[in-house]
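Next up, coords09.pdb (PDB, N, CA and C atoms):
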```pdb
ATOM      1  N   MET A   1      77.639  64.769 107.954
ATOM      2  CA  MET A   1      77.001  65.940 108.516
ATOM      3  C   MET A   1      78.070  66.990 108.799
ATOM      4  N   HIS A   2      77.817  68.235 108.432
ATOM      5  CA  HIS A   2      78.755  69.331 108.614
ATOM      6  C   HIS A   2      78.677  69.900 110.014
ATOM      7  N   ASP A   3      79.838  70.254 110.560
ATOM      8  CA  ASP A   3      79.897  70.940 111.846
ATOM      9  C   ASP A   3      79.392  72.362 111.635
ATOM     10  N   SER A   4      78.511  72.809 112.487
ATOM     11  CA  SER A   4      77.918  74.130 112.306
ATOM     12  C   SER A   4      78.567  75.161 113.228
ATOM     13  N   GLY A   5      79.897  75.157 113.272
ATOM     14  CA  GLY A   5      80.617  76.136 114.066
ATOM     15  C   GLY A   5      80.543  77.507 113.425
ATOM     16  N   PRO A   6      81.182  78.476 114.063
ATOM     17  CA  PRO A   6      81.147  79.832 113.520
ATOM     18  C   PRO A   6      81.882  79.914 112.181
ATOM     19  N   SER A   7      81.420  80.821 111.342
ATOM     20  CA  SER A   7      82.088  81.057 110.064
ATOM     21  C   SER A   7      83.412  81.774 110.335
ATOM     22  N   PRO A   8      84.325  81.750 109.367
ATOM     23  CA  PRO A   8      85.568  82.491 109.545
ATOM     24  C   PRO A   8      85.333  83.982 109.844
ATOM     25  N   THR A   9      84.335  84.563 109.211
ATOM     26  CA  THR A   9      84.007  85.972 109.480
ATOM     27  C   THR A   9      83.599  86.151 110.935
ATOM     28  N   GLU A  10      82.764  85.258 111.442
ATOM     29  CA  GLU A  10      82.332  85.344 112.847
ATOM     30  C   GLU A  10      83.504  85.151 113.804
ATOM     31  N   VAL A  11      84.428  84.260 113.464
ATOM     32  CA  VAL A  11      85.606  84.046 114.309
ATOM     33  C   VAL A  11      86.405  85.345 114.416
ATOM     34  N   VAL A  12      86.672  85.975 113.275
ATOM     35  CA  VAL A  12      87.494  87.187 113.278
ATOM     36  C   VAL A  12      86.757  88.345 113.949
ATOM     37  N   ILE A  13      85.463  88.496 113.678
ATOM     38  CA  ILE A  13      84.685  89.581 114.287
ATOM     39  C   ILE A  13      84.587  89.417 115.799
ATOM     40  N   SER A  14      84.561  88.193 116.269
ATOM     41  CA  SER A  14      84.457  87.998 117.718
ATOM     42  C   SER A  14      85.813  88.125 118.415
ATOM     43  N   TRP A  15      86.881  88.224 117.627
ATOM     44  CA  TRP A  15      88.214  88.309 118.221
ATOM     45  C   TRP A  15      88.855  89.681 118.051
ATOM     46  N   ILE A  16      89.210  90.071 116.838
ATOM     47  CA  ILE A  16      90.099  91.218 116.625
ATOM     48  C   ILE A  16      89.542  92.550 117.145
ATOM     49  N   PRO A  17      88.254  92.855 117.014
ATOM     50  CA  PRO A  17      87.788  94.144 117.543
ATOM     51  C   PRO A  17      87.843  94.229 119.070
ATOM     52  N   HIS A  18      87.967  93.090 119.730
ATOM     53  CA  HIS A  18      87.920  93.052 121.196
ATOM     54  C   HIS A  18      89.275  92.774 121.837
ATOM     55  N   ASP A  19      90.309  92.562 121.029
ATOM     56  CA  ASP A  19      91.632  92.228 121.552
ATOM     57  C   ASP A  19      92.510  93.478 121.527
ATOM     58  N   ALA A  20      92.698  94.077 122.690
ATOM     59  CA  ALA A  20      93.423  95.348 122.794
ATOM     60  C   ALA A  20      94.852  95.259 122.258
ATOM     61  N   ARG A  21      95.448  94.074 122.280
ATOM     62  CA  ARG A  21      96.826  93.931 121.795
ATOM     63  C   ARG A  21      96.946  94.227 120.314
ATOM     64  N   PHE A  22      95.900  93.951 119.545
ATOM     65  CA  PHE A  22      95.975  94.058 118.091
ATOM     66  C   PHE A  22      94.966  95.031 117.499
ATOM     67  N   ARG A  23      93.994  95.458 118.288
ATOM     68  CA  ARG A  23      92.897  96.286 117.770
ATOM     69  C   ARG A  23      93.383  97.590 117.139
ATOM     70  N   ASP A  24      94.283  98.325 117.800
ATOM     71  CA  ASP A  24      94.692  99.627 117.265
ATOM     72  C   ASP A  24      95.330  99.511 115.886
ATOM     73  N   ARG A  25      96.212  98.549 115.720
ATOM     74  CA  ARG A  25      96.834  98.365 114.402
ATOM     75  C   ARG A  25      95.793  97.888 113.381
ATOM     76  N   ALA A  26      94.907  97.019 113.808
ATOM     77  CA  ALA A  26      93.860  96.538 112.901
ATOM     78  C   ALA A  26      92.985  97.702 112.447
ATOM     79  N   VAL A  27      92.652  98.593 113.365
ATOM     80  CA  VAL A  27      91.834  99.761 113.017
ATOM     81  C   VAL A  27      92.575 100.645 112.016
ATOM     82  N   ARG A  28      93.864 100.864 112.235
ATOM     83  CA  ARG A  28      94.642 101.686 111.291
ATOM     84  C   ARG A  28      94.606 101.085 109.887
ATOM     85  N   HIS A  29      94.763  99.773 109.803
ATOM     86  CA  HIS A  29      94.708  99.122 108.486
ATOM     87  C   HIS A  29      93.299  99.218 107.901
ATOM     88  N   ALA A  30      92.294  99.077 108.736
ATOM     89  CA  ALA A  30      90.909  99.155 108.267
ATOM     90  C   ALA A  30      90.580 100.551 107.740
ATOM     91  N   LEU A  31      91.039 101.571 108.436
ATOM     92  CA  LEU A  31      90.761 102.941 108.010
ATOM     93  C   LEU A  31      91.536 103.312 106.747
ATOM     94  N   ALA A  32      92.676 102.693 106.530
ATOM     95  CA  ALA A  32      93.524 103.020 105.375
ATOM     96  C   ALA A  32      93.038 102.393 104.079
ATOM     97  N   ASP A  33      92.119 101.422 104.167
ATOM     98  CA  ASP A  33      91.724 100.683 102.958
ATOM     99  C   ASP A  33      90.288 100.185 103.109
ATOM    100  N   ALA A  34      89.377 100.854 102.418
ATOM    101  CA  ALA A  34      87.952 100.508 102.523
ATOM    102  C   ALA A  34      87.642  99.108 101.996
ATOM    103  N   SER A  35      88.503  98.547 101.152
ATOM    104  CA  SER A  35      88.238  97.212 100.598
ATOM    105  C   SER A  35      88.457  96.105 101.626
ATOM    106  N   GLY A  36      89.228  96.406 102.669
ATOM    107  CA  GLY A  36      89.526  95.393 103.669
ATOM    108  C   GLY A  36      90.767  94.575 103.364
ATOM    109  N   GLN A  37      91.435  94.830 102.243
ATOM    110  CA  GLN A  37      92.605  94.028 101.868
ATOM    111  C   GLN A  37      93.797  94.251 102.797
ATOM    112  N   ARG A  38      94.012  95.481 103.250
ATOM    113  CA  ARG A  38      95.113  95.722 104.194
ATOM    114  C   ARG A  38      94.812  95.058 105.533
ATOM    115  N   LEU A  39      93.553  95.082 105.928
ATOM    116  CA  LEU A  39      93.156  94.414 107.165
ATOM    117  C   LEU A  39      93.371  92.913 107.040
ATOM    118  N   PHE A  40      92.970  92.344 105.912
ATOM    119  CA  PHE A  40      93.207  90.922 105.660
ATOM    120  C   PHE A  40      94.695  90.595 105.772
ATOM    121  N   ALA A  41      95.543  91.390 105.123
ATOM    122  CA  ALA A  41      96.984  91.127 105.149
ATOM    123  C   ALA A  41      97.518  91.192 106.582
ATOM    124  N   TYR A  42      97.049  92.170 107.361
ATOM    125  CA  TYR A  42      97.492  92.300 108.745
ATOM    126  C   TYR A  42      97.105  91.072 109.566
ATOM    127  N   VAL A  43      95.843  90.667 109.482
ATOM    128  CA  VAL A  43      95.364  89.525 110.264
ATOM    129  C   VAL A  43      96.003  88.231 109.776
ATOM    130  N   ASP A  44      96.171  88.087 108.479
ATOM    131  CA  ASP A  44      96.838  86.901 107.944
ATOM    132  C   ASP A  44      98.273  86.805 108.481
ATOM    133  N   ASN A  45      98.967  87.925 108.534
ATOM    134  CA  ASN A  45     100.322  87.915 109.107
ATOM    135  C   ASN A  45     100.292  87.519 110.573
ATOM    136  N   LEU A  46      99.326  88.015 111.325
ATOM    137  CA  LEU A  46      99.204  87.628 112.732
ATOM    138  C   LEU A  46      98.978  86.130 112.875
ATOM    139  N   VAL A  47      97.947  85.640 112.208
ATOM    140  CA  VAL A  47      97.470  84.275 112.414
ATOM    141  C   VAL A  47      98.384  83.235 111.773
ATOM    142  N   ASN A  48      98.852  83.506 110.580
ATOM    143  CA  ASN A  48      99.576  82.480 109.831
ATOM    144  C   ASN A  48     101.092  82.677 109.769
ATOM    145  N   ARG A  49     101.563  83.866 110.150
ATOM    146  CA  ARG A  49     103.005  84.130 110.065
ATOM    147  C   ARG A  49     103.592  84.597 111.392
ATOM    148  N   ASP A  50     102.759  84.651 112.447
ATOM    149  CA  ASP A  50     103.213  85.035 113.792
ATOM    150  C   ASP A  50     103.972  86.361 113.772
ATOM    151  N   ASN A  51     103.406  87.335 113.042
ATOM    152  CA  ASN A  51     104.065  88.609 112.826
ATOM    153  C   ASN A  51     103.048  89.730 113.016
ATOM    154  N   ASP A  52     103.388  90.701 113.864
ATOM    155  CA  ASP A  52     102.514  91.846 114.143
ATOM    156  C   ASP A  52     103.160  93.103 113.574
ATOM    157  N   ASP A  53     102.907  93.363 112.300
ATOM    158  CA  ASP A  53     103.490  94.524 111.614
ATOM    159  C   ASP A  53     105.005  94.598 111.815
ATOM    160  N   GLY A  54     105.673  93.484 111.603
ATOM    161  CA  GLY A  54     107.122  93.441 111.680
ATOM    162  C   GLY A  54     107.680  93.001 113.028
ATOM    163  N   ARG A  55     106.820  92.822 114.007
ATOM    164  CA  ARG A  55     107.267  92.385 115.332
ATOM    165  C   ARG A  55     106.865  90.926 115.542
ATOM    166  N   ALA A  56     107.817  90.154 116.032
ATOM    167  CA  ALA A  56     107.521  88.752 116.348
ATOM    168  C   ALA A  56     106.554  88.703 117.527
ATOM    169  N   LEU A  57     105.664  87.734 117.514
ATOM    170  CA  LEU A  57     104.708  87.573 118.607
ATOM    171  C   LEU A  57     105.367  86.897 119.794
ATOM    172  N   ASP A  58     104.929  87.292 120.992
ATOM    173  CA  ASP A  58     105.452  86.639 122.190
ATOM    174  C   ASP A  58     104.666  85.356 122.457
ATOM    175  N   GLU A  59     105.047  84.660 123.487
ATOM    176  CA  GLU A  59     104.455  83.352 123.772
ATOM    177  C   GLU A  59     102.941  83.428 123.989
ATOM    178  N   TYR A  60     102.490  84.427 124.714
ATOM    179  CA  TYR A  60     101.050  84.593 124.966
ATOM    180  C   TYR A  60     100.298  84.850 123.657
ATOM    181  N   ASP A  61     100.860  85.730 122.819
ATOM    182  CA  ASP A  61     100.235  86.022 121.533
ATOM    183  C   ASP A  61     100.208  84.790 120.632
ATOM    184  N   LEU A  62     101.266  83.993 120.688
ATOM    185  CA  LEU A  62     101.303  82.762 119.889
ATOM    186  C   LEU A  62     100.188  81.802 120.303
ATOM    187  N   ARG A  63      99.911  81.735 121.604
ATOM    188  CA  ARG A  63      98.798  80.890 122.071
ATOM    189  C   ARG A  63      97.464  81.421 121.562
ATOM    190  N   THR A  64      97.331  82.747 121.520
ATOM    191  CA  THR A  64      96.107  83.344 120.976
ATOM    192  C   THR A  64      95.941  82.956 119.516
ATOM    193  N   MET A  65      97.012  83.040 118.734
ATOM    194  CA  MET A  65      96.926  82.713 117.305
ATOM    195  C   MET A  65      96.612  81.235 117.104
ATOM    196  N   ALA A  66      97.148  80.379 117.957
ATOM    197  CA  ALA A  66      96.823  78.951 117.874
ATOM    198  C   ALA A  66      95.336  78.738 118.132
ATOM    199  N   ALA A  67      94.777  79.470 119.088
ATOM    200  CA  ALA A  67      93.344  79.354 119.387
ATOM    201  C   ALA A  67      92.504  79.872 118.221
ATOM    202  N   VAL A  68      92.939  80.957 117.602
ATOM    203  CA  VAL A  68      92.214  81.488 116.440
ATOM    204  C   VAL A  68      92.244  80.473 115.304
ATOM    205  N   ARG A  69      93.419  79.903 115.047
ATOM    206  CA  ARG A  69      93.517  78.882 113.980
ATOM    207  C   ARG A  69      92.606  77.695 114.281
ATOM    208  N   GLU A  70      92.542  77.300 115.537
ATOM    209  CA  GLU A  70      91.660  76.198 115.916
ATOM    210  C   GLU A  70      90.198  76.577 115.676
ATOM    211  N   ASP A  71      89.819  77.791 116.051
ATOM    212  CA  ASP A  71      88.444  78.254 115.832
ATOM    213  C   ASP A  71      88.096  78.326 114.346
ATOM    214  N   LEU A  72      89.091  78.634 113.523
ATOM    215  CA  LEU A  72      88.864  78.706 112.075
ATOM    216  C   LEU A  72      88.638  77.323 111.469
ATOM    217  N   ARG A  73      89.067  76.271 112.142
ATOM    218  CA  ARG A  73      88.868  74.884 111.698
ATOM    219  C   ARG A  73      89.293  74.651 110.258
ATOM    220  N   GLN A  74      90.516  75.028 109.945
ATOM    221  CA  GLN A  74      91.085  74.804 108.610
ATOM    222  C   GLN A  74      90.436  75.662 107.519
ATOM    223  N   GLN A  75      89.571  76.582 107.881
ATOM    224  CA  GLN A  75      88.969  77.461 106.877
ATOM    225  C   GLN A  75      89.901  78.648 106.653
ATOM    226  N   ALA A  76      89.989  79.088 105.436
ATOM    227  CA  ALA A  76      90.943  80.140 105.081
ATOM    228  C   ALA A  76      90.456  81.525 105.492
ATOM    229  N   LEU A  77      91.401  82.348 105.891
ATOM    230  CA  LEU A  77      91.077  83.742 106.183
ATOM    231  C   LEU A  77      90.593  84.470 104.931
ATOM    232  N   ALA A  78      90.978  83.973 103.761
ATOM    233  CA  ALA A  78      90.526  84.590 102.509
ATOM    234  C   ALA A  78      89.004  84.518 102.365
ATOM    235  N   SER A  79      88.359  83.587 103.073
ATOM    236  CA  SER A  79      86.903  83.472 102.976
ATOM    237  C   SER A  79      86.166  84.411 103.931
ATOM    238  N   VAL A  80      86.919  85.174 104.728
ATOM    239  CA  VAL A  80      86.316  86.132 105.658
ATOM    240  C   VAL A  80      85.745  87.308 104.866
ATOM    241  N   ASP A  81      84.604  87.810 105.298
ATOM    242  CA  ASP A  81      84.027  89.032 104.724
ATOM    243  C   ASP A  81      84.738  90.206 105.400
ATOM    244  N   TRP A  82      85.844  90.666 104.804
ATOM    245  CA  TRP A  82      86.686  91.685 105.419
ATOM    246  C   TRP A  82      86.005  93.036 105.515
ATOM    247  N   ARG A  83      85.053  93.298 104.642
ATOM    248  CA  ARG A  83      84.304  94.559 104.764
ATOM    249  C   ARG A  83      83.454  94.555 106.031
ATOM    250  N   ARG A  84      82.896  93.399 106.353
ATOM    251  CA  ARG A  84      82.116  93.292 107.595
ATOM    252  C   ARG A  84      83.004  93.477 108.822
ATOM    253  N   VAL A  85      84.181  92.856 108.802
ATOM    254  CA  VAL A  85      85.120  93.011 109.909
ATOM    255  C   VAL A  85      85.553  94.470 109.999
ATOM    256  N   ARG A  86      85.849  95.065 108.856
ATOM    257  CA  ARG A  86      86.254  96.470 108.817
ATOM    258  C   ARG A  86      85.161  97.362 109.405
ATOM    259  N   ASP A  87      83.919  97.133 108.997
ATOM    260  CA  ASP A  87      82.810  97.932 109.523
ATOM    261  C   ASP A  87      82.721  97.832 111.044
ATOM    262  N   LYS A  88      82.923  96.632 111.582
ATOM    263  CA  LYS A  88      82.881  96.418 113.018
ATOM    264  C   LYS A  88      84.003  97.194 113.715
ATOM    265  N   LEU A  89      85.191  97.147 113.163
ATOM    266  CA  LEU A  89      86.320  97.870 113.735
ATOM    267  C   LEU A  89      86.108  99.392 113.675
ATOM    268  N   VAL A  90      85.685  99.885 112.518
ATOM    269  CA  VAL A  90      85.497 101.317 112.331
ATOM    270  C   VAL A  90      84.356 101.833 113.203
ATOM    271  N   ALA A  91      83.298 101.041 113.350
ATOM    272  CA  ALA A  91      82.175 101.444 114.212
ATOM    273  C   ALA A  91      82.638 101.605 115.652
ATOM    274  N   GLY A  92      83.556 100.756 116.080
ATOM    275  CA  GLY A  92      84.082 100.863 117.431
ATOM    276  C   GLY A  92      84.899 102.132 117.629
ATOM    277  N   VAL A  93      85.548 102.602 116.571
ATOM    278  CA  VAL A  93      86.363 103.809 116.643
ATOM    279  C   VAL A  93      85.484 105.046 116.665
ATOM    280  N   HIS A  94      84.512 105.072 115.773
ATOM    281  CA  HIS A  94      83.674 106.251 115.641
ATOM    282  C   HIS A  94      82.553 106.295 116.675
ATOM    283  N   GLY A  95      82.267 105.167 117.290
ATOM    284  CA  GLY A  95      81.186 105.127 118.284
ATOM    285  C   GLY A  95      79.863 105.505 117.647
ATOM    286  N   ARG A  96      78.957 105.935 118.459
ATOM    287  CA  ARG A  96      77.642 106.345 117.951
ATOM    288  C   ARG A  96      77.558 107.862 117.939
ATOM    289  N   ALA A  97      77.317 108.376 116.779
ATOM    290  CA  ALA A  97      77.177 109.841 116.663
ATOM    291  C   ALA A  97      75.841 110.254 117.272
ATOM    292  N   GLY A  98      75.850 111.354 117.969
ATOM    293  CA  GLY A  98      74.627 111.751 118.640
ATOM    294  C   GLY A  98      74.114 113.009 118.264
TER     295      GLY A  98
END
```

This entry written out as structure tokens:
Amino acid sequence: MHDSGPSPTEVVISWIPHDARFRDRAVRHALADASGQRLFAYVDNLVNRDNDDGRALDEYDLRTMAAVREDLRQQALASVDWRRVRDKLVAGVHGRAG
């Protein structure tokens, strides 16, 4: 029987748009590339290489990345729907037009 935990896309969507430490850089990458590939590269560097756009992560950030990896349950970030994550990030920047 398969564990019905969150999908990798749900893990990333529930984390990166809400984490002030990484959100601004993630938004910049999302806005720079509509395909989501730059966003993927940024998050992959955070989660799998402990690197925030060239800066080493501190101890607190490393614990966050360990928790994200645990939530991913060995599923690859490549399986994330990066356009969906990008849309979530960009929507937060643009807010609701009135």

Practice task
Would you mind reading off the distance between atom N of Gln37 in chain A and atom N of Ala78 in chain A, one decimal, in Å?
Solution key: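 Distance reported for this atom pair: 11.0 Å.
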
Practice task
Enumerate, as a ChimeraX atom specification, the residues matched when the PyMOL selection byres (((chain A and resi 27 and name CA) around 12) and name CA) is run on the file above.
Solution key: /A:16-26,28-34,36,38-40,42-43,85-94

Exercise for the section: Let me know the residues the PyMOL selection byres ((chain A and resi 60-73) around 8) catches in the file above, as a list in words. Expected result: Gly5, Pro6, Ser7, Pro8, Thr9, Val11, Val12, Leu46, Val47, Asn48, Asp50, Ala56, Leu57, Asp58, Glu59, Gln74, Gln75, Ala76 and Leu77 of chain A

Exercise for the section: Report the residues of chain A whose backbone DSSP state falls under helix (DSSP H, G or I), written as a ChimeraX atom specification. Expected result: /A:8-18,20-32,37-49,59-72,77-79,82-94

Handout entry: strand (DSSP E or B) per DSSP on the backbone: members of chain A, as a PyMOL selection string
Key = chain A and resi 51-52+55-56

Practice task
Go ahead and compute the interatomic distance for CA of Trp82 in chain A and CA of Ala41 in chain A, in Å to one decimal.
Solution key: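 Between CA of Trp82 in chain A and CA of Ala41 in chain A the gap is 10.3 Å.
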
Taking every listed atom of range 29-46 of chain A and adding 5 Å to each side, what centre and edge lengths in Å (one decimal) does the axis-aligned box have, as AutoDock Vina command-line options?
```
--center_x 94.0 --center_y 94.7 --center_z 106.7 --size_x 22.7 --size_y 27.2 --size_z 22.3
```

Exercise for the section: Between atom N of Ser35 in chain A and atom C of Ser4 in chain A, measure the distance and give it in Å to one decimal. Expected result: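 We find that atom N of Ser35 in chain A and atom C of Ser4 in chain A lie 28.1 Å from each other.
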